[in-house]
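Here the structure is laid out as structure tokens; the discussion comes afterwards.
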Amino acid sequence: MVNTLLAKPNNIKKNIFITLAVVSIMFGCSSDDSSISDTDAMKTSKEDGAVYIPKQKSIESTIESQNTKTTVQTKKSVEQPIAKPAPVKNNTTVPRQSNADSVPVVQTTTPVTSLNNSTTFACNRESIDDSSIDFAVLVDNKIAITLGTSARSNGFQDLAVNFLPRSNPQISGTPTKYAAFNETKGFALHEYASESLSLDSTFHEIDIPVGKTPFQMGYKIELIATQNTGNSCSAIIFSYYDRPAVMFPVSNIVVPASMQPNLNTWNKYSNNMPISSAEAVILATHSGRWNNNVWEKNEDGVEKKLLNEVPMQVALYGDVSLEDYETIRDIMEVYKIIAPTREISFATDFDQVSVPIHLVDCGILINSEKEHCFVDRPSGAMSRPSFFVAQANDGSTFHQKLIGNYYGYINLSNQRINRHTLGHEFMHIMGANHTNCENNSMGPGWAQSPYLGPHDLMTIAAIHHPAVENGDGPEEMREALGIPNDSKWKSLLNNPSLACETPDNYWVNFSDDLMQQWLPTHELAESKL
């Protein structure tokens with residue numbers, strides 16, 4: 001049994017952090033977004049009519065030059081917006097990576113009627129009297145939608161246009177289950193939008209939303225409605241609308257100077273680190289199932305996730321506060337000691353980011369496409385880089401990494417305070433699994449610590465030992481670390497729960513110090529209740 005922490009004076013806080021664990025971390029998980037599609041890659045193209053008209057040319061002159069038909073040329077402006085600071089949760093100004101307000105918009109109400117795109121509503125039970133819909137692209141990234149008759153006269157009780165982020169279908173293969181998120185490193189989470197429309201008008205002019213982060217992506221744009229009978233109706237306006245570069249903010253990232261990690265914070269633990277133990281190998285290569293205390297061996301072995309040529313460079317996006325920067329700063333300071341081979345820092349430019357962290361409020365639109373982003377309760381997830389099945393010239397298929405070199409992304413929603421969940425999900429990024437060891441960040445949801453526990457620390461140290469290779473199973477990892485194949489090892493293989501027994505005092509003392517660091521953050525959380 002694990003009782004080391006309970007025996008210490010500081011464990012008067014046990015009930016406090018267990019309560020906090022139940023509120024937030026029990027929803028944290030390593031999302032299985034990395035599943036590989038088993039179908040061949042397919043090619044798609046941008047839908048006709050999804051056209052951007054440059055500001056430099058007026059629509060009147062375009063129509064006049066073509067007499068009865070209009071030819072609209074797509075042209076992307078090189079004009080760059082300037083990001084502005086935005087307010088954050090604790091009323092302290094934090095430098096932001098992006099801001100949608102930075103994109104200038106010129107008002108216009110002149111539609112390109114000659115494009116003559118059209119579609120109809122498709123309802124799930126019965127047709128409507130006049131379902132004709134015409135739509136066109138306007139200058140300055142607006143769209144015009146004209147209905148044959150008003151929504152109210154067709155028996156609709158609501159009408160809205162939804163903007164669903166999509167990566168460019170020309171650069172991806174077969175869509176995976178969570179394609180909108182995997183193909184954008186999670187940046188799609190910030191781009192969902194919906195606008196309600198008047199039920200009494202037949203003409204609607206809608207601004208296409210500007211990008212909230214520098215990750216450039218397009219939209220699937222659809223018109224949705226509900227009839228008075230309760231039947232739902234929808235019409236696809238654009239299956240893929242490619243937003244021009246001018247609609248996205250600048251890519252530089254500014255982190256508050258006080259939030260930069262002090263890599264000397266835990267120097268007292270930089271010497272005399274214990275050699276990796278058999279228990280650490282078991283925890284690194286097995287996963288605990290919280291609901292029934294069962295252990296399973298990881299089929300893929302240890303998830304070291306090392307990209308030797310790619311440093312771990314972190315950036316936070318969305319509703320970010322100083323507390324969130326502080327959490328990541330503290331994690332970096334710990335990993336400098338227990339995983340010294342990892343190069344980890346805050347990114348300074350969007351192109352450097354290999355660990356994006358997204359703090360969002362999950363709405364209905366997001367939740368309809370991503371199950372690990374809850375609307376009505378806290379949620380957190382780590383998603384691995386995704387793969388898809390591509391087809392070679394000779395007809396053979398192969399697995400292709402969908403996004404370049406990055407370690408995975410984290411998303412959090414509706415957290416009272418993020419430190420608890422951020423630490424847990426970042427442990428997944430570093431290769432740790434769920435365990436059945438209580439009083440640890442990766443332990444059961446009802447007995448999870450909001451800081452790294454002793455078993456967390458020794459597991460990460462073993463995973464990131466230079467002799468360990470990504471994918472090593474228990475035996476390979478044991479041999480790499482020089483751990484004897486003795487009766488103790490065989491007992492651990494037969495009963496992984498033994499790995500939860502009291503570890504070396506080095507790890508216990510380090511974890512106790514992390515508890516003391518966490519306590520002020522906990523007091524802040526309590527004050528917000």
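Identifiers for the structure tokens are assigned positionally: chains receive A, B, ... in sequence, residues are indexed from 1 per chain, and ligands are indexed from 1 in the order shown.
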
What are the closest atom pairs, with distances in Å to one decimal, for each residue of segment 232-341 of chain A lying within 6 Å of segment 195-216 of chain A, using only C-alpha atoms, rows by chain and rising residue number, as a tab-separated table?
residue	atom	partner	partner_atom	distance
A:Met247	CA	A:Val210	CA	5.0
A:Phe248	CA	A:Gly211	CA	4.6
A:Pro249	CA	A:Pro214	CA	5.4
A:Ser251	CA	A:Pro214	CA	5.5

Residues as selected, C-alpha atoms, written as an mmCIF file, in the first residue's frame, can you do that?
data_model
loop_
_atom_site.group_PDB
_atom_site.id
_atom_site.type_symbol
_atom_site.label_atom_id
_atom_site.label_comp_id
_atom_site.auth_asym_id
_atom_site.auth_seq_id
_atom_site.Cartn_x
_atom_site.Cartn_y
_atom_site.Cartn_z
ATOM 1 C CA MET A 247 -7.412 37.379 -42.144
ATOM 2 C CA PHE A 248 -4.940 35.823 -39.660
ATOM 3 C CA PRO A 249 -2.893 37.603 -36.956
ATOM 4 C CA SER A 251 2.888 34.911 -35.527
#

- Item | Surrounding residues of Ile253 of chain A excluding itself and chain neighbours under 2 positions, 7 Å, only C-alpha atoms, as a PyMOL selection string | chain A and resi 97+251+255+347-350

- Closest of A:Trp295, A:Phe156, A:Tyr241, A:Phe181 to Leu492 of chain A - atom-to-atom distances counting only C-alpha atoms: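 Counting only C-alpha atoms, the residue closest to Leu492 of chain A is A:Trp295.
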
- Message: I need the residues of segment 107-251 of chain A that end up classed as alpha helix (DSSP H) by DSSP on the backbone, written out as a PyMOL selection string.
- Response: chain A and resi 179-182

- Task: With a distance cut-off of 12 Å and only C-alpha atoms, select the neighbouring residues of Cys123 of chain A, excluding the residue or stretch itself and same-chain residues fewer than 4 positions from it, and output the selection as an NGL selection string.
- Result: :A and (127-129 or 131 or 156 or 223-227 or 229-235)

Go ahead and write the selection's residues with N, CA, C and O atoms as a short mmCIF file (atom, residue, chain, number, x, y, z; two decimals), in the first residue's frame.
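part.cif written:
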data_model
loop_
_atom_site.label_atom_id
_atom_site.label_comp_id
_atom_site.auth_asym_id
_atom_site.auth_seq_id
_atom_site.Cartn_x
_atom_site.Cartn_y
_atom_site.Cartn_z
N SER A 127 -40.24 18.12 -46.95
CA SER A 127 -39.73 19.26 -47.71
C SER A 127 -40.44 20.54 -47.28
O SER A 127 -41.46 20.52 -46.60
N ILE A 128 -39.86 21.66 -47.69
CA ILE A 128 -40.47 22.95 -47.42
C ILE A 128 -40.91 23.58 -48.73
O ILE A 128 -40.51 23.14 -49.81
N ASP A 129 -41.74 24.59 -48.67
CA ASP A 129 -42.35 25.14 -49.88
C ASP A 129 -41.33 25.68 -50.86
O ASP A 129 -41.38 25.38 -52.05
N SER A 131 -37.28 26.02 -50.98
CA SER A 131 -36.01 25.80 -50.32
C SER A 131 -34.83 26.36 -51.12
O SER A 131 -33.69 26.04 -50.85
N PHE A 156 -39.90 27.99 -40.33
CA PHE A 156 -38.71 27.83 -39.51
C PHE A 156 -38.87 28.59 -38.20
O PHE A 156 -39.41 29.69 -38.16
N LEU A 223 -25.73 26.50 -43.65
CA LEU A 223 -26.93 27.18 -43.16
C LEU A 223 -27.78 26.13 -42.48
O LEU A 223 -28.05 25.06 -43.06
N ILE A 224 -28.20 26.38 -41.25
CA ILE A 224 -29.00 25.40 -40.51
C ILE A 224 -30.28 26.06 -40.01
O ILE A 224 -30.33 27.27 -39.78
N ALA A 225 -31.31 25.25 -39.87
CA ALA A 225 -32.60 25.75 -39.41
C ALA A 225 -33.38 24.63 -38.76
O ALA A 225 -33.07 23.45 -38.95
N THR A 226 -34.40 25.01 -38.00
CA THR A 226 -35.32 24.04 -37.40
C THR A 226 -36.73 24.46 -37.74
O THR A 226 -37.10 25.63 -37.57
N GLN A 227 -37.50 23.51 -38.24
CA GLN A 227 -38.90 23.81 -38.54
C GLN A 227 -39.73 23.79 -37.27
O GLN A 227 -39.32 23.24 -36.24
N THR A 229 -42.11 22.04 -36.68
CA THR A 229 -42.41 20.65 -36.36
C THR A 229 -41.26 19.95 -35.63
O THR A 229 -41.39 18.82 -35.21
N GLY A 230 -40.12 20.63 -35.54
CA GLY A 230 -38.96 20.06 -34.89
C GLY A 230 -37.97 19.43 -35.84
O GLY A 230 -36.88 19.01 -35.42
N ASN A 231 -38.31 19.35 -37.12
CA ASN A 231 -37.39 18.77 -38.09
C ASN A 231 -36.20 19.71 -38.31
O ASN A 231 -36.36 20.93 -38.37
N SER A 232 -35.01 19.15 -38.43
CA SER A 232 -33.83 19.96 -38.69
C SER A 232 -33.55 20.01 -40.19
O SER A 232 -33.81 19.05 -40.92
N CYS A 233 -33.03 21.15 -40.64
CA CYS A 233 -32.74 21.35 -42.05
C CYS A 233 -31.35 21.98 -42.16
O CYS A 233 -30.93 22.74 -41.30
N SER A 234 -30.62 21.65 -43.22
CA SER A 234 -29.30 22.22 -43.41
C SER A 234 -28.99 22.35 -44.89
O SER A 234 -29.57 21.65 -45.73
N ALA A 235 -28.09 23.26 -45.20
CA ALA A 235 -27.63 23.47 -46.58
C ALA A 235 -26.17 23.87 -46.53
O ALA A 235 -25.79 24.75 -45.75
#

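Of note, atom CA of His424 of chain A and atom CA of Ile338 of chain A are spaced 16.1 Å apart.
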
- Message: Report as a ChimeraX atom specification all protein, DNA and RNA residues lying within 7 Å of Val320 of chain A, evaluated on only C-alpha atoms, omitting residues in the same chain fewer than 3 positions from it.
- Response: /A:88,316-317,324,359

What would the file look like if the residues just selected were written as an mmCIF file, in the first residue's frame with all heavy atoms?
data_model
loop_
_atom_site.group_PDB
_atom_site.id
_atom_site.type_symbol
_atom_site.label_atom_id
_atom_site.label_comp_id
_atom_site.auth_asym_id
_atom_site.auth_seq_id
_atom_site.Cartn_x
_atom_site.Cartn_y
_atom_site.Cartn_z
ATOM 1 N N VAL A 88 -7.487 39.184 -19.562
ATOM 2 C CA VAL A 88 -7.454 37.789 -19.172
ATOM 3 C C VAL A 88 -8.203 37.609 -17.867
ATOM 4 O O VAL A 88 -8.679 38.555 -17.267
ATOM 5 C CB VAL A 88 -5.996 37.291 -19.025
ATOM 6 C CG1 VAL A 88 -5.307 37.297 -20.365
ATOM 7 C CG2 VAL A 88 -5.243 38.177 -18.042
ATOM 8 N N LEU A 316 0.817 28.960 -25.379
ATOM 9 C CA LEU A 316 -0.548 28.896 -24.868
ATOM 10 C C LEU A 316 -1.442 29.810 -25.692
ATOM 11 O O LEU A 316 -1.070 30.959 -25.980
ATOM 12 C CB LEU A 316 -0.602 29.304 -23.395
ATOM 13 C CG LEU A 316 0.113 28.383 -22.403
ATOM 14 C CD1 LEU A 316 1.577 28.772 -22.260
ATOM 15 C CD2 LEU A 316 -0.559 28.420 -21.031
ATOM 16 N N TYR A 317 -2.627 29.323 -26.028
ATOM 17 C CA TYR A 317 -3.564 30.077 -26.857
ATOM 18 C C TYR A 317 -4.950 30.042 -26.225
ATOM 19 O O TYR A 317 -5.332 29.074 -25.584
ATOM 20 C CB TYR A 317 -3.631 29.485 -28.271
ATOM 21 C CG TYR A 317 -2.343 29.622 -29.044
ATOM 22 C CD1 TYR A 317 -1.363 28.645 -28.963
ATOM 23 C CD2 TYR A 317 -2.098 30.737 -29.838
ATOM 24 C CE1 TYR A 317 -0.173 28.773 -29.661
ATOM 25 C CE2 TYR A 317 -0.910 30.872 -30.541
ATOM 26 C CZ TYR A 317 0.047 29.876 -30.443
ATOM 27 O OH TYR A 317 1.227 30.016 -31.136
ATOM 28 N N ASP A 324 -1.564 30.426 -15.809
ATOM 29 C CA ASP A 324 -1.273 29.356 -16.759
ATOM 30 C C ASP A 324 0.196 29.378 -17.176
ATOM 31 O O ASP A 324 0.846 28.327 -17.275
ATOM 32 C CB ASP A 324 -2.186 29.481 -17.981
ATOM 33 C CG ASP A 324 -3.655 29.446 -17.609
ATOM 34 O OD1 ASP A 324 -4.020 28.599 -16.772
ATOM 35 O OD2 ASP A 324 -4.432 30.262 -18.133
ATOM 36 N N LEU A 359 -6.671 26.794 -24.399
ATOM 37 C CA LEU A 359 -7.626 26.992 -23.321
ATOM 38 C C LEU A 359 -8.891 27.581 -23.940
ATOM 39 O O LEU A 359 -8.902 28.742 -24.372
ATOM 40 C CB LEU A 359 -7.042 27.910 -22.249
ATOM 41 C CG LEU A 359 -5.827 27.301 -21.531
ATOM 42 C CD1 LEU A 359 -4.519 27.829 -22.120
ATOM 43 C CD2 LEU A 359 -5.872 27.581 -20.041
#

- In terms of the shortest atom-to-atom distance over only C-alpha atoms, which of A:Val310, A:Leu283, A:Lys297, A:Leu422 is closest to Leu457 of chain A?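 With only C-alpha atoms as the atom set, the closest residue is A:Leu283.
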
- Task: Taking the chain letters and numbering used in this document, name the residues of segment 134-259 of chain A that DSSP puts in strand (DSSP E), as a ChimeraX atom specification.
- Result: /A:134-138,142-147,156-166,193-196,203-207,218-227,232-241

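Here atom CA of Glu326 of chain A and atom CA of His190 of chain A stand 22.2 Å from one another.
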